[in-house]
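File shown: upload.txt (compact mmCIF, C-alpha atoms).
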# COMPACT_ATOMS: atom_id res chain seq x y z
CA MET A 223 17.74 2.73 7.19
CA ILE A 224 14.27 2.93 5.64
CA ASP A 225 12.59 6.33 5.76
CA GLY A 226 9.10 5.42 6.92
CA TRP A 227 8.57 2.88 4.12
CA GLN A 228 8.08 5.70 1.64
CA GLY A 229 8.38 4.36 -1.90
CA LYS A 230 9.34 6.28 -5.01
CA HIS A 231 5.80 5.94 -6.31
CA GLY A 232 3.78 5.87 -3.07
CA PRO A 233 3.69 2.45 -1.41
CA TYR A 234 7.05 0.75 -0.93
CA LEU A 235 7.37 -1.80 -3.76
CA ILE A 236 9.36 -5.00 -3.18
CA ALA A 237 10.13 -7.21 -6.18
CA GLU A 238 10.85 -10.67 -4.80
CA ILE A 239 13.02 -12.82 -7.02
CA GLY A 240 12.97 -15.42 -4.26
CA GLY A 241 13.61 -18.81 -5.82
CA ASN A 242 12.71 -17.86 -9.39
CA HIS A 243 16.39 -18.16 -10.34
CA GLU A 244 16.02 -21.92 -9.67
CA GLY A 245 19.64 -22.19 -8.57
CA ASP A 246 21.14 -20.64 -11.72
CA PHE A 247 23.39 -17.81 -10.54
CA GLU A 248 23.82 -16.20 -13.97
CA TYR A 249 20.04 -16.17 -14.34
CA ALA A 250 19.75 -14.67 -10.84
CA LYS A 251 22.03 -11.82 -11.90
CA GLU A 252 19.95 -11.23 -15.03
CA LEU A 253 16.76 -11.12 -12.96
CA THR A 254 18.41 -8.73 -10.48
CA TYR A 255 19.47 -6.27 -13.18
CA LEU A 256 16.01 -6.48 -14.74
CA ALA A 257 14.22 -5.96 -11.42
CA CYS A 258 16.39 -2.93 -10.75
CA THR A 259 15.06 -1.30 -13.93
CA SER A 260 11.41 -2.01 -13.10
CA GLY A 261 10.84 0.91 -10.74
CA ALA A 262 10.60 -1.27 -7.62
CA ASP A 263 12.11 0.18 -4.45
CA ALA A 264 13.72 -3.07 -3.30
CA VAL A 265 14.77 -6.41 -4.75
CA LYS A 266 14.39 -9.41 -2.46
CA PHE A 267 15.93 -12.86 -2.21
CA GLN A 268 15.71 -15.79 0.20
CA ILE A 269 18.94 -16.82 1.90
CA TYR A 270 19.17 -20.43 3.05
CA THR A 271 20.85 -23.77 2.67
CA GLY A 272 18.87 -26.96 2.37
CA GLU A 273 20.22 -28.42 5.60
CA SER A 274 19.72 -25.20 7.60
CA LEU A 275 16.06 -25.08 6.56
CA VAL A 276 14.71 -28.63 6.25
CA SER A 277 15.40 -31.86 8.11
CA LYS A 278 17.12 -34.11 5.59
CA LEU A 279 15.94 -37.07 7.65
CA GLU A 280 12.26 -36.16 7.95
CA SER A 281 11.89 -34.46 4.56
CA PRO A 282 14.78 -35.48 2.28
CA ASP A 283 13.07 -34.44 -0.97
CA ARG A 284 12.36 -30.93 0.34
CA CYS A 285 15.90 -30.67 1.61
CA SER A 286 17.26 -31.63 -1.81
CA HIS A 287 14.97 -29.09 -3.49
CA PHE A 288 16.33 -26.23 -1.43
CA GLU A 289 19.92 -27.43 -1.88
CA ARG A 290 19.45 -27.08 -5.63
CA PHE A 291 18.29 -23.48 -5.18
CA GLN A 292 20.91 -22.30 -2.66
CA PHE A 293 23.80 -19.94 -3.42
CA THR A 294 27.11 -19.34 -1.70
CA PRO A 295 27.62 -16.29 0.57
CA GLU A 296 29.82 -14.75 -2.12
CA GLN A 297 27.05 -15.11 -4.69
CA TYR A 298 24.42 -13.49 -2.45
CA ILE A 299 26.85 -10.64 -1.73
CA ASN A 300 27.42 -10.25 -5.47
CA LEU A 301 23.65 -9.85 -5.95
CA ALA A 302 23.56 -7.29 -3.14
CA GLU A 303 26.38 -5.36 -4.80
CA ILE A 304 24.45 -5.29 -8.08
CA CYS A 305 21.48 -3.72 -6.30
CA LYS A 306 23.73 -1.18 -4.60
CA LYS A 307 25.34 -0.26 -7.92
CA GLU A 308 21.91 0.16 -9.51
CA GLY A 309 20.60 2.31 -6.65
CA VAL A 310 17.98 -0.18 -5.49
CA VAL A 311 17.66 -1.62 -1.98
CA PHE A 312 18.71 -5.25 -1.53
CA THR A 313 16.87 -7.31 1.06
CA ALA A 314 16.17 -10.93 1.89
CA SER A 315 14.32 -13.37 4.06
CA VAL A 316 17.20 -14.95 5.95
CA TRP A 317 16.36 -18.55 6.79
CA ASP A 318 19.89 -19.57 7.77
CA SER A 319 21.01 -18.28 11.18
CA SER A 320 24.67 -18.50 10.19
CA ALA A 321 24.12 -16.00 7.36
CA PHE A 322 23.43 -12.92 9.46
CA ASP A 323 27.08 -12.16 10.12
CA TRP A 324 28.03 -11.82 6.47
CA ILE A 325 24.79 -10.46 4.98
CA ASP A 326 23.90 -7.84 7.62
CA PRO A 327 26.19 -5.11 6.19
CA TYR A 328 24.11 -5.24 2.99
CA MET A 329 20.69 -5.16 4.66
CA LYS A 330 18.66 -2.02 5.33
CA PHE A 331 15.75 -4.06 6.67
CA TYR A 332 14.82 -7.70 7.19
CA LYS A 333 11.81 -9.59 5.91
CA ILE A 334 10.44 -12.40 8.09
CA GLY A 335 8.52 -14.75 5.85
CA SER A 336 5.22 -16.32 6.85
CA GLY A 337 6.83 -19.68 7.59
CA ASP A 338 9.07 -18.06 10.19
CA LEU A 339 6.37 -16.11 12.04
CA THR A 340 6.72 -18.65 14.85
CA ALA A 341 10.50 -19.16 14.53
CA TYR A 342 11.31 -17.15 17.63
CA PRO A 343 15.05 -17.97 17.76
CA ILE A 344 15.56 -16.49 14.28
CA ILE A 345 13.24 -13.57 15.06
CA LYS A 346 15.22 -12.85 18.23
CA LYS A 347 18.45 -12.79 16.24
CA ILE A 348 16.94 -10.38 13.72
CA THR A 349 15.71 -8.00 16.41
CA SER A 350 19.22 -7.94 17.91
CA LEU A 351 20.46 -6.43 14.65
CA LYS A 352 18.26 -3.36 15.28
CA LYS A 353 17.03 -2.87 11.75
CA PRO A 354 13.45 -2.42 10.48
CA ILE A 355 11.43 -5.60 10.05
CA ILE A 356 8.63 -6.61 7.70
CA LEU A 357 6.58 -9.54 8.97
CA SER A 358 4.42 -11.60 6.60
CA THR A 359 1.41 -13.27 8.18
CA GLY A 360 0.44 -16.19 5.96
CA LEU A 361 -0.62 -19.42 7.71
CA SER A 362 -1.33 -17.57 10.95
CA THR A 363 -4.27 -16.77 13.19
CA PHE A 364 -4.77 -13.24 14.44
CA ASN A 365 -3.68 -14.29 17.94
CA GLU A 366 -0.46 -15.74 16.52
CA VAL A 367 0.21 -12.46 14.75
CA ARG A 368 -0.43 -10.49 17.92
CA THR A 369 1.80 -12.77 19.98
CA THR A 370 4.67 -12.51 17.50
CA VAL A 371 4.32 -8.73 17.30
CA GLU A 372 4.45 -8.56 21.09
CA PHE A 373 7.51 -10.83 21.11
CA ILE A 374 9.32 -8.62 18.59
CA GLN A 375 8.44 -5.48 20.53
CA SER A 376 9.55 -7.06 23.81
CA GLN A 377 13.02 -7.52 22.34
CA ASN A 378 13.46 -3.85 21.48
CA SER A 379 11.15 -0.86 21.92
CA MET A 380 12.17 0.47 18.50
CA TYR A 381 9.65 -2.01 17.07
CA LEU A 382 6.80 -0.09 18.66
CA GLU A 383 7.26 2.46 15.86
CA PRO A 384 5.55 1.95 12.48
CA GLU A 385 8.71 2.94 10.61
CA ASN A 386 10.49 -0.03 12.20
CA LEU A 387 7.86 -2.78 12.06
CA ALA A 388 5.42 -3.55 9.28
CA LEU A 389 2.77 -6.27 8.90
CA LEU A 390 1.80 -7.75 5.55
CA GLN A 391 -1.44 -9.59 4.90
CA CYS A 392 -0.39 -12.74 3.07
CA THR A 393 -1.79 -16.12 2.09
CA SER A 394 0.89 -18.78 1.63
CA MET A 395 -0.25 -20.59 -1.50
CA TYR A 396 1.06 -20.32 -5.07
CA PRO A 397 -1.23 -19.20 -6.58
CA ILE A 398 -4.18 -18.38 -4.33
CA PRO A 399 -7.82 -18.08 -5.39
CA ASP A 400 -9.21 -14.56 -5.20
CA GLU A 401 -11.36 -15.38 -2.18
CA ASP A 402 -8.23 -16.23 -0.17
CA ALA A 403 -6.55 -12.84 -0.64
CA ASN A 404 -8.54 -11.47 2.34
CA LEU A 405 -7.45 -7.89 1.82
CA GLN A 406 -9.81 -6.77 4.57
CA VAL A 407 -7.32 -8.21 7.07
CA MET A 408 -5.26 -5.09 6.38
CA ASN A 409 -8.06 -3.06 7.98
CA LEU A 410 -8.05 -5.41 10.98
CA PHE A 411 -4.30 -4.96 11.37
CA ARG A 412 -4.62 -1.19 10.96
CA ARG A 413 -7.26 -1.07 13.70
CA GLU A 414 -5.38 -3.31 16.12
CA PHE A 415 -1.75 -2.26 15.61
CA ASN A 416 -0.04 1.09 15.32
CA LEU A 417 2.23 -0.27 12.59
CA THR A 418 2.80 0.04 8.86
CA ILE A 419 0.37 -2.27 7.04
CA GLY A 420 0.82 -3.81 3.61
CA TYR A 421 0.15 -6.78 1.36
CA SER A 422 2.24 -9.66 0.01
CA ASP A 423 0.71 -10.96 -3.20
CA HIS A 424 0.35 -14.53 -4.44
CA THR A 425 -2.61 -14.06 -6.79
CA VAL A 426 -2.60 -14.29 -10.57
CA GLY A 427 -2.92 -10.87 -12.20
CA ASN A 428 -2.71 -7.39 -10.71
CA ASP A 429 -6.22 -6.82 -9.36
CA ALA A 430 -5.39 -7.68 -5.74
CA VAL A 431 -2.32 -5.45 -5.72
CA GLU A 432 -4.19 -2.48 -7.17
CA ILE A 433 -7.03 -2.91 -4.68
CA ALA A 434 -4.54 -3.19 -1.82
CA VAL A 435 -2.97 0.10 -2.94
CA ALA A 436 -6.41 1.72 -3.03
CA MET A 437 -7.05 0.39 0.49
CA GLY A 438 -3.97 2.19 1.72
CA ALA A 439 -1.30 -0.53 1.76
CA GLY A 440 2.01 1.08 2.70
CA ILE A 441 4.09 -1.82 1.37
CA ILE A 442 3.41 -4.05 -1.62
CA GLU A 443 5.47 -7.20 -2.13
CA PHE A 444 5.15 -9.33 -5.26
CA HIS A 445 7.20 -12.04 -6.91
CA PHE A 446 9.27 -11.08 -9.94
CA THR A 447 10.32 -12.91 -13.11
CA ASP A 448 11.41 -12.09 -16.65
CA SER A 449 8.63 -14.18 -18.20
CA ARG A 450 6.03 -16.74 -17.14
CA GLU A 451 6.08 -18.51 -20.49
CA GLY A 452 7.41 -22.05 -20.38
CA LYS A 453 8.27 -21.86 -16.68
CA ILE A 454 7.49 -24.87 -14.48
CA PHE A 455 8.55 -23.61 -11.04
CA ARG A 456 5.33 -22.47 -9.32
CA ASP A 457 6.47 -18.99 -8.20
CA HIS A 458 6.82 -17.77 -11.80
CA GLN A 459 3.05 -18.04 -12.25
CA VAL A 460 2.33 -15.51 -9.48
CA SER A 461 5.13 -13.17 -10.55
CA PHE A 462 5.10 -9.76 -12.17
CA THR A 463 7.36 -9.02 -15.14
CA CYS A 464 9.30 -5.80 -15.58
CA ASP A 465 6.72 -4.32 -17.95
CA GLU A 466 3.90 -5.30 -15.61
CA ILE A 467 5.58 -3.51 -12.71
CA LYS A 468 5.91 -0.40 -14.84
CA ARG A 469 2.21 -0.62 -15.70
CA LEU A 470 1.44 -1.16 -12.02
CA ILE A 471 3.36 1.99 -11.13
CA HIS A 472 1.29 3.88 -13.71
CA ARG A 473 -1.87 2.50 -12.11
CA ILE A 474 -0.61 3.43 -8.63
CA THR A 475 -0.11 7.00 -9.81
CA LYS A 476 -3.68 7.00 -11.13
CA ILE A 477 -5.04 5.49 -7.89
CA LYS A 478 -3.19 8.01 -5.73
CA THR A 479 -4.41 10.87 -7.92
CA LEU A 480 -8.01 9.69 -7.58
CA GLN A 481 -7.64 9.22 -3.82
CA GLY A 482 -6.48 12.81 -3.38
CA GLN A 483 -6.15 14.11 0.16
CA MET A 484 -8.20 13.81 3.33
CA ILE A 485 -9.37 17.41 3.03
CA LYS A 486 -12.96 18.33 2.17
CA GLU A 487 -13.22 21.72 0.51
CA PRO A 488 -14.10 23.04 -2.97
CA THR A 489 -11.52 21.88 -5.47
CA ILE A 490 -9.59 24.17 -7.78
CA SER A 491 -11.58 22.86 -10.74
CA GLU A 492 -14.91 23.60 -9.00
CA ILE A 493 -13.77 27.11 -8.08
CA GLU A 494 -12.33 27.93 -11.50
CA ALA A 495 -15.58 26.78 -13.16
CA ASN A 496 -17.54 29.03 -10.72
CA HIS A 497 -19.70 26.05 -9.78
CA VAL A 498 -19.86 26.98 -6.11
CA LEU A 499 -21.96 29.95 -7.25
CA THR A 500 -23.77 28.57 -10.29
CA PHE A 501 -24.73 25.13 -8.87
CA ARG A 502 -26.10 26.42 -5.57
CA ARG A 503 -29.38 28.22 -4.91
CA ALA A 504 -30.41 31.56 -3.48
CA VAL A 505 -33.79 32.97 -2.45
CA TYR A 506 -35.75 34.69 -5.25
CA PRO A 507 -39.16 36.40 -5.34
CA LEU A 508 -41.82 34.50 -7.28
CA THR A 509 -43.67 37.75 -8.03
CA ASP A 510 -42.82 41.43 -7.99
CA LEU A 511 -42.40 42.67 -4.44
CA THR A 512 -43.56 46.23 -3.82
CA GLU A 513 -41.80 48.65 -1.47
CA GLY A 514 -42.97 48.11 2.12
CA GLN A 515 -44.42 44.67 1.40
CA ILE A 516 -44.26 42.03 4.15
CA ILE A 517 -42.61 38.94 2.64
CA LYS A 518 -44.54 35.69 2.97
CA GLU A 519 -43.48 32.16 2.16
CA LYS A 520 -45.76 32.14 -0.88
CA ASN A 521 -43.74 35.05 -2.31
CA LEU A 522 -40.47 33.11 -2.36
CA THR A 523 -38.67 30.30 -4.16
CA ILE A 524 -35.08 29.06 -4.31
CA LEU A 525 -33.22 29.04 -7.61
CA ARG A 526 -29.76 28.97 -9.09
CA PRO A 527 -27.38 30.83 -9.16
CA ASN A 528 -26.59 31.65 -5.55
CA LEU A 529 -26.82 35.44 -5.86
CA GLY A 530 -28.09 37.63 -3.06
CA VAL A 531 -29.53 35.74 -0.08
CA ASP A 532 -28.27 32.17 0.25
CA ALA A 533 -30.97 29.45 0.28
CA ARG A 534 -29.90 28.52 3.81
CA LYS A 535 -31.31 31.88 4.96
CA TYR A 536 -34.73 31.31 3.38
CA GLU A 537 -36.57 31.31 6.72
CA THR A 538 -34.96 34.58 7.82
CA LEU A 539 -36.65 36.51 4.98
CA ILE A 540 -40.18 35.49 5.93
CA GLY A 541 -41.87 38.34 7.79
CA LYS A 542 -39.33 40.94 6.68
CA LYS A 543 -40.44 44.20 5.00
CA THR A 544 -39.02 45.32 1.69
CA LYS A 545 -37.30 48.72 1.48
CA LYS A 546 -37.71 48.96 -2.28
CA LYS A 547 -39.41 47.28 -5.19
CA ILE A 548 -37.82 43.92 -6.02
CA PRO A 549 -38.76 42.45 -9.42
CA ALA A 550 -39.76 38.80 -9.67
CA PHE A 551 -36.84 36.38 -10.10
CA SER A 552 -34.23 39.05 -9.37
CA GLN A 553 -31.75 38.65 -6.55
CA ILE A 554 -32.74 39.79 -3.11
CA LYS A 555 -30.04 41.77 -1.35
CA ILE A 556 -30.05 41.69 2.41
CA LEU A 557 -29.88 45.51 2.51
CA ASP A 558 -33.19 45.66 0.61
CA VAL A 559 -35.21 44.25 3.51
CA GLU A 560 -35.68 45.14 7.18
Can you present the structure in this file as structure tokens?
Amino acid sequence: MIDGWQGKHGPYLIAEIGGNHEGDFEYAKELTYLACTSGADAVKFQIYTGESLVSKLESPDRCSHFERFQFTPEQYINLAEICKKEGVVFTASVWDSSAFDWIDPYMKFYKIGSGDLTAYPIIKKITSLKKPIILSTGLSTFNEVRTTVEFIQSQNSMYLEPENLALLQCTSMYPIPDEDANLQVMNLFRREFNLTIGYSDHTVGNDAVEIAVAMGAGIIEFHFTDSREGKIFRDHQVSFTCDEIKRLIHRITKIKTLQGQMIKEPTISEIEANHVLTFRRAVYPLTDLTEGQIIKEKNLTILRPNLGVDARKYETLIGKKTKKKIPAFSQIKILDVE
């Protein structure tokens, strides 16, 4: 099972090969091995047959497209075994209800793609398998997301827990313009649901992913390819390469370092530089103070460093009597006044 969606580098990173193999099994194996070296936590496919996904009567061209991209059960299992051998999690969006029986032993969690957010019969089958679920939310309204979340949770109370159900902000276009990424939806989901929140990327470039990480995305999903050069199939254009994932991981490390922790106190660097003392002010006499002198506001100023009486106690010195002579601009010690 998944341990709270904790990735090796912070957010849980899913490299989706999806259909980028274009039906070439040897190429799919090459992409799988390459993705396993990228640093991603999981490698993802889509399991379907043309006829189990699209009506060949109503949409024959789409049906033929998916038939060209489909693999046999043995081939999908081979890809899962490669991931297992390489120490990377294998997962898939399963769009063929007959596939659950043979693929489930290889699945640590299931991904429900945006197109299946309303496919309740498939969702019900997935919940019966009692494994964590990631739900993408492209194409949907907020009310549709809420209704599907409630449906999933009604099937099994395990999906009330954030380690068992995650929501990804997603826009189902390839590619999408920047203004359609709508990363703020993650904040809406975080406010409305006690679930793990993440982002599924279909933009060009890495800006959206890096911003999503900075916004606290717990899961990042992106398409994966070996190269975008000379590729016609649309998904390649929104895909990360192996080197780009490695650079992304470096950026994630930088982002997480800059984010730090939700603790407000002087940092080690501030303390070691003695800045807490040297940057803050204390109360100092503007002129020499004689012994027995009553201190007035006109006698005082506040200066760095914070030696003697802290500037926050400025008012407490007014009206006090000095016990000894205190030279101008020297620190005032609390024991020197009464």
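With all atoms listed in the file as the basis for measurement, A:Asp263 is the residue among A:Asp263, A:Asp558, A:Glu372, A:Asp532 that approaches Tyr234 of chain A most closely.
The two atoms in question, atom CA of Ile433 of chain A and atom CA of Ile454 of chain A, are spaced 28.1 Å apart.
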Neighbour list for Asp402 of chain A as a ChimeraX atom specification, cut-off 10 Å, only C-alpha atoms, skip fewer than 5 positions in-chain: /A:392-395,397,424-425
Determine, using only C-alpha atoms, which residues of segment 381-499 of chain A have any atom at most 9 Å from an atom of segment 244-261 of chain A, and tabulate each with its shortest atom pair and distance in Å to one decimal place, rows ordered by chain and then rising number, as JSON lines.
{"residue": "A:Phe446", "atom": "CA", "partner": "A:Ala257", "partner_atom": "CA", "distance": 7.3}
{"residue": "A:Thr447", "atom": "CA", "partner": "A:Leu253", "partner_atom": "CA", "distance": 6.7}
{"residue": "A:Asp448", "atom": "CA", "partner": "A:Leu253", "partner_atom": "CA", "distance": 6.6}
{"residue": "A:Phe455", "atom": "CA", "partner": "A:Glu244", "partner_atom": "CA", "distance": 7.8}
{"residue": "A:Thr463", "atom": "CA", "partner": "A:Ser260", "partner_atom": "CA", "distance": 8.3}
{"residue": "A:Cys464", "atom": "CA", "partner": "A:Ser260", "partner_atom": "CA", "distance": 5.0}
{"residue": "A:Asp465", "atom": "CA", "partner": "A:Ser260", "partner_atom": "CA", "distance": 7.1}
{"residue": "A:Glu466", "atom": "CA", "partner": "A:Ser260", "partner_atom": "CA", "distance": 8.6}
{"residue": "A:Ile467", "atom": "CA", "partner": "A:Ser260", "partner_atom": "CA", "distance": 6.0}
{"residue": "A:Lys468", "atom": "CA", "partner": "A:Ser260", "partner_atom": "CA", "distance": 6.0}
{"residue": "A:Ile471", "atom": "CA", "partner": "A:Gly261", "partner_atom": "CA", "distance": 7.6}
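Interatomic distance, atom CA of Ala533 of chain A to atom CA of Arg502 of chain A: 8.2 Å.
Pairwise distance (atom CA of His472 of chain A, atom CA of Gly427 of chain A) equals 15.4 Å.
Minimum atom-to-atom distance to Phe291 of chain A, evaluated using all atoms listed in the file, belongs to A:Asn242 out of A:Val276, A:Val265, A:Asn242, A:Asp338.
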Hey, can I get the axis-aligned box for segment 465-478 of chain A? All listed atoms, 6 Å padding on each side, centre and edge lengths in Å to one decimal, as JSON.
{"center_x": 0.8, "center_y": 1.4, "center_z": -11.8, "size_x": 23.8, "size_y": 25.3, "size_z": 24.2}
Polymer residues at most 6 Å from segment 434-445 of chain A, only C-alpha atoms, same-chain spacing of 4 or more positions, as a ChimeraX atom specification: /A:233-239,419-423,461
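Minimum atom-to-atom distances from A:Val310, A:Leu279, A:Lys330, A:Ile269 to Lys230 of chain A were compared using all atoms listed in the file, and the lowest value belongs to A:Val310.
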Could you give me, as a tab-separated table (two decimals) with C-alpha atoms, keeping the file's coordinate frame, the residues within 9 Å of segment 480-489 of chain A, counting all atoms listed in the file and dropping anything in the same chain fewer than 4 positions from it?
chain	number	residue	atom	x	y	z
A	436	ALA	CA	-6.41	1.72	-3.03
A	475	THR	CA	-0.11	7.00	-9.81
A	476	LYS	CA	-3.68	7.00	-11.13
A	493	ILE	CA	-13.77	27.11	-8.08
A	494	GLU	CA	-12.33	27.93	-11.50
A	498	VAL	CA	-19.86	26.98	-6.11
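Shortest atom-to-atom contact with Gly309 of chain A among A:Asn428, A:His231, A:Ala264, A:Tyr342: A:Ala264, counting all atoms listed in the file.
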Reconstruct N, CA and C atoms of segment 443-462 of chain A; output as a tab-separated table (two decimals), in the frame of the given file.
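Final output, result17.tsv:
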chain	number	residue	atom	x	y	z
A	443	GLU	N	4.44	-6.24	-1.74
A	443	GLU	CA	5.47	-7.20	-2.13
A	443	GLU	C	4.87	-8.16	-3.16
A	444	PHE	N	5.62	-8.41	-4.22
A	444	PHE	CA	5.15	-9.33	-5.26
A	444	PHE	C	6.36	-10.07	-5.81
A	445	HIS	N	6.13	-11.27	-6.31
A	445	HIS	CA	7.20	-12.04	-6.91
A	445	HIS	C	7.54	-11.46	-8.29
A	446	PHE	N	8.78	-11.69	-8.70
A	446	PHE	CA	9.27	-11.08	-9.94
A	446	PHE	C	9.94	-12.13	-10.82
A	447	THR	N	9.68	-12.05	-12.13
A	447	THR	CA	10.32	-12.91	-13.11
A	447	THR	C	10.50	-12.14	-14.41
A	448	ASP	N	11.26	-12.73	-15.32
A	448	ASP	CA	11.41	-12.09	-16.65
A	448	ASP	C	10.25	-12.48	-17.56
A	449	SER	N	9.74	-13.70	-17.39
A	449	SER	CA	8.63	-14.18	-18.20
A	449	SER	C	8.01	-15.40	-17.52
A	450	ARG	N	6.71	-15.56	-17.68
A	450	ARG	CA	6.03	-16.74	-17.14
A	450	ARG	C	5.94	-17.87	-18.16
A	451	GLU	N	6.23	-17.54	-19.41
A	451	GLU	CA	6.08	-18.51	-20.49
A	451	GLU	C	7.08	-19.66	-20.34
A	452	GLY	N	6.56	-20.87	-20.39
A	452	GLY	CA	7.41	-22.05	-20.38
A	452	GLY	C	8.06	-22.36	-19.04
A	453	LYS	N	7.67	-21.65	-17.99
A	453	LYS	CA	8.27	-21.86	-16.68
A	453	LYS	C	7.45	-22.89	-15.89
A	454	ILE	N	8.16	-23.81	-15.25
A	454	ILE	CA	7.49	-24.87	-14.48
A	454	ILE	C	7.44	-24.53	-13.00
A	455	PHE	N	8.51	-23.93	-12.47
A	455	PHE	CA	8.55	-23.61	-11.04
A	455	PHE	C	7.37	-22.71	-10.69
A	456	ARG	N	6.64	-23.07	-9.64
A	456	ARG	CA	5.33	-22.47	-9.32
A	456	ARG	C	5.37	-20.96	-9.16
A	457	ASP	N	6.45	-20.41	-8.55
A	457	ASP	CA	6.47	-18.99	-8.20
A	457	ASP	C	6.40	-18.08	-9.43
A	458	HIS	N	6.88	-18.59	-10.59
A	458	HIS	CA	6.82	-17.77	-11.80
A	458	HIS	C	5.38	-17.38	-12.14
A	459	GLN	N	4.44	-18.27	-11.84
A	459	GLN	CA	3.05	-18.04	-12.25
A	459	GLN	C	2.38	-16.94	-11.44
A	460	VAL	N	2.91	-16.60	-10.28
A	460	VAL	CA	2.33	-15.51	-9.48
A	460	VAL	C	3.24	-14.28	-9.50
A	461	SER	N	4.13	-14.23	-10.50
A	461	SER	CA	5.13	-13.17	-10.55
A	461	SER	C	4.76	-12.09	-11.55
A	462	PHE	N	5.20	-10.88	-11.24
A	462	PHE	CA	5.10	-9.76	-12.17
A	462	PHE	C	6.36	-9.72	-13.05
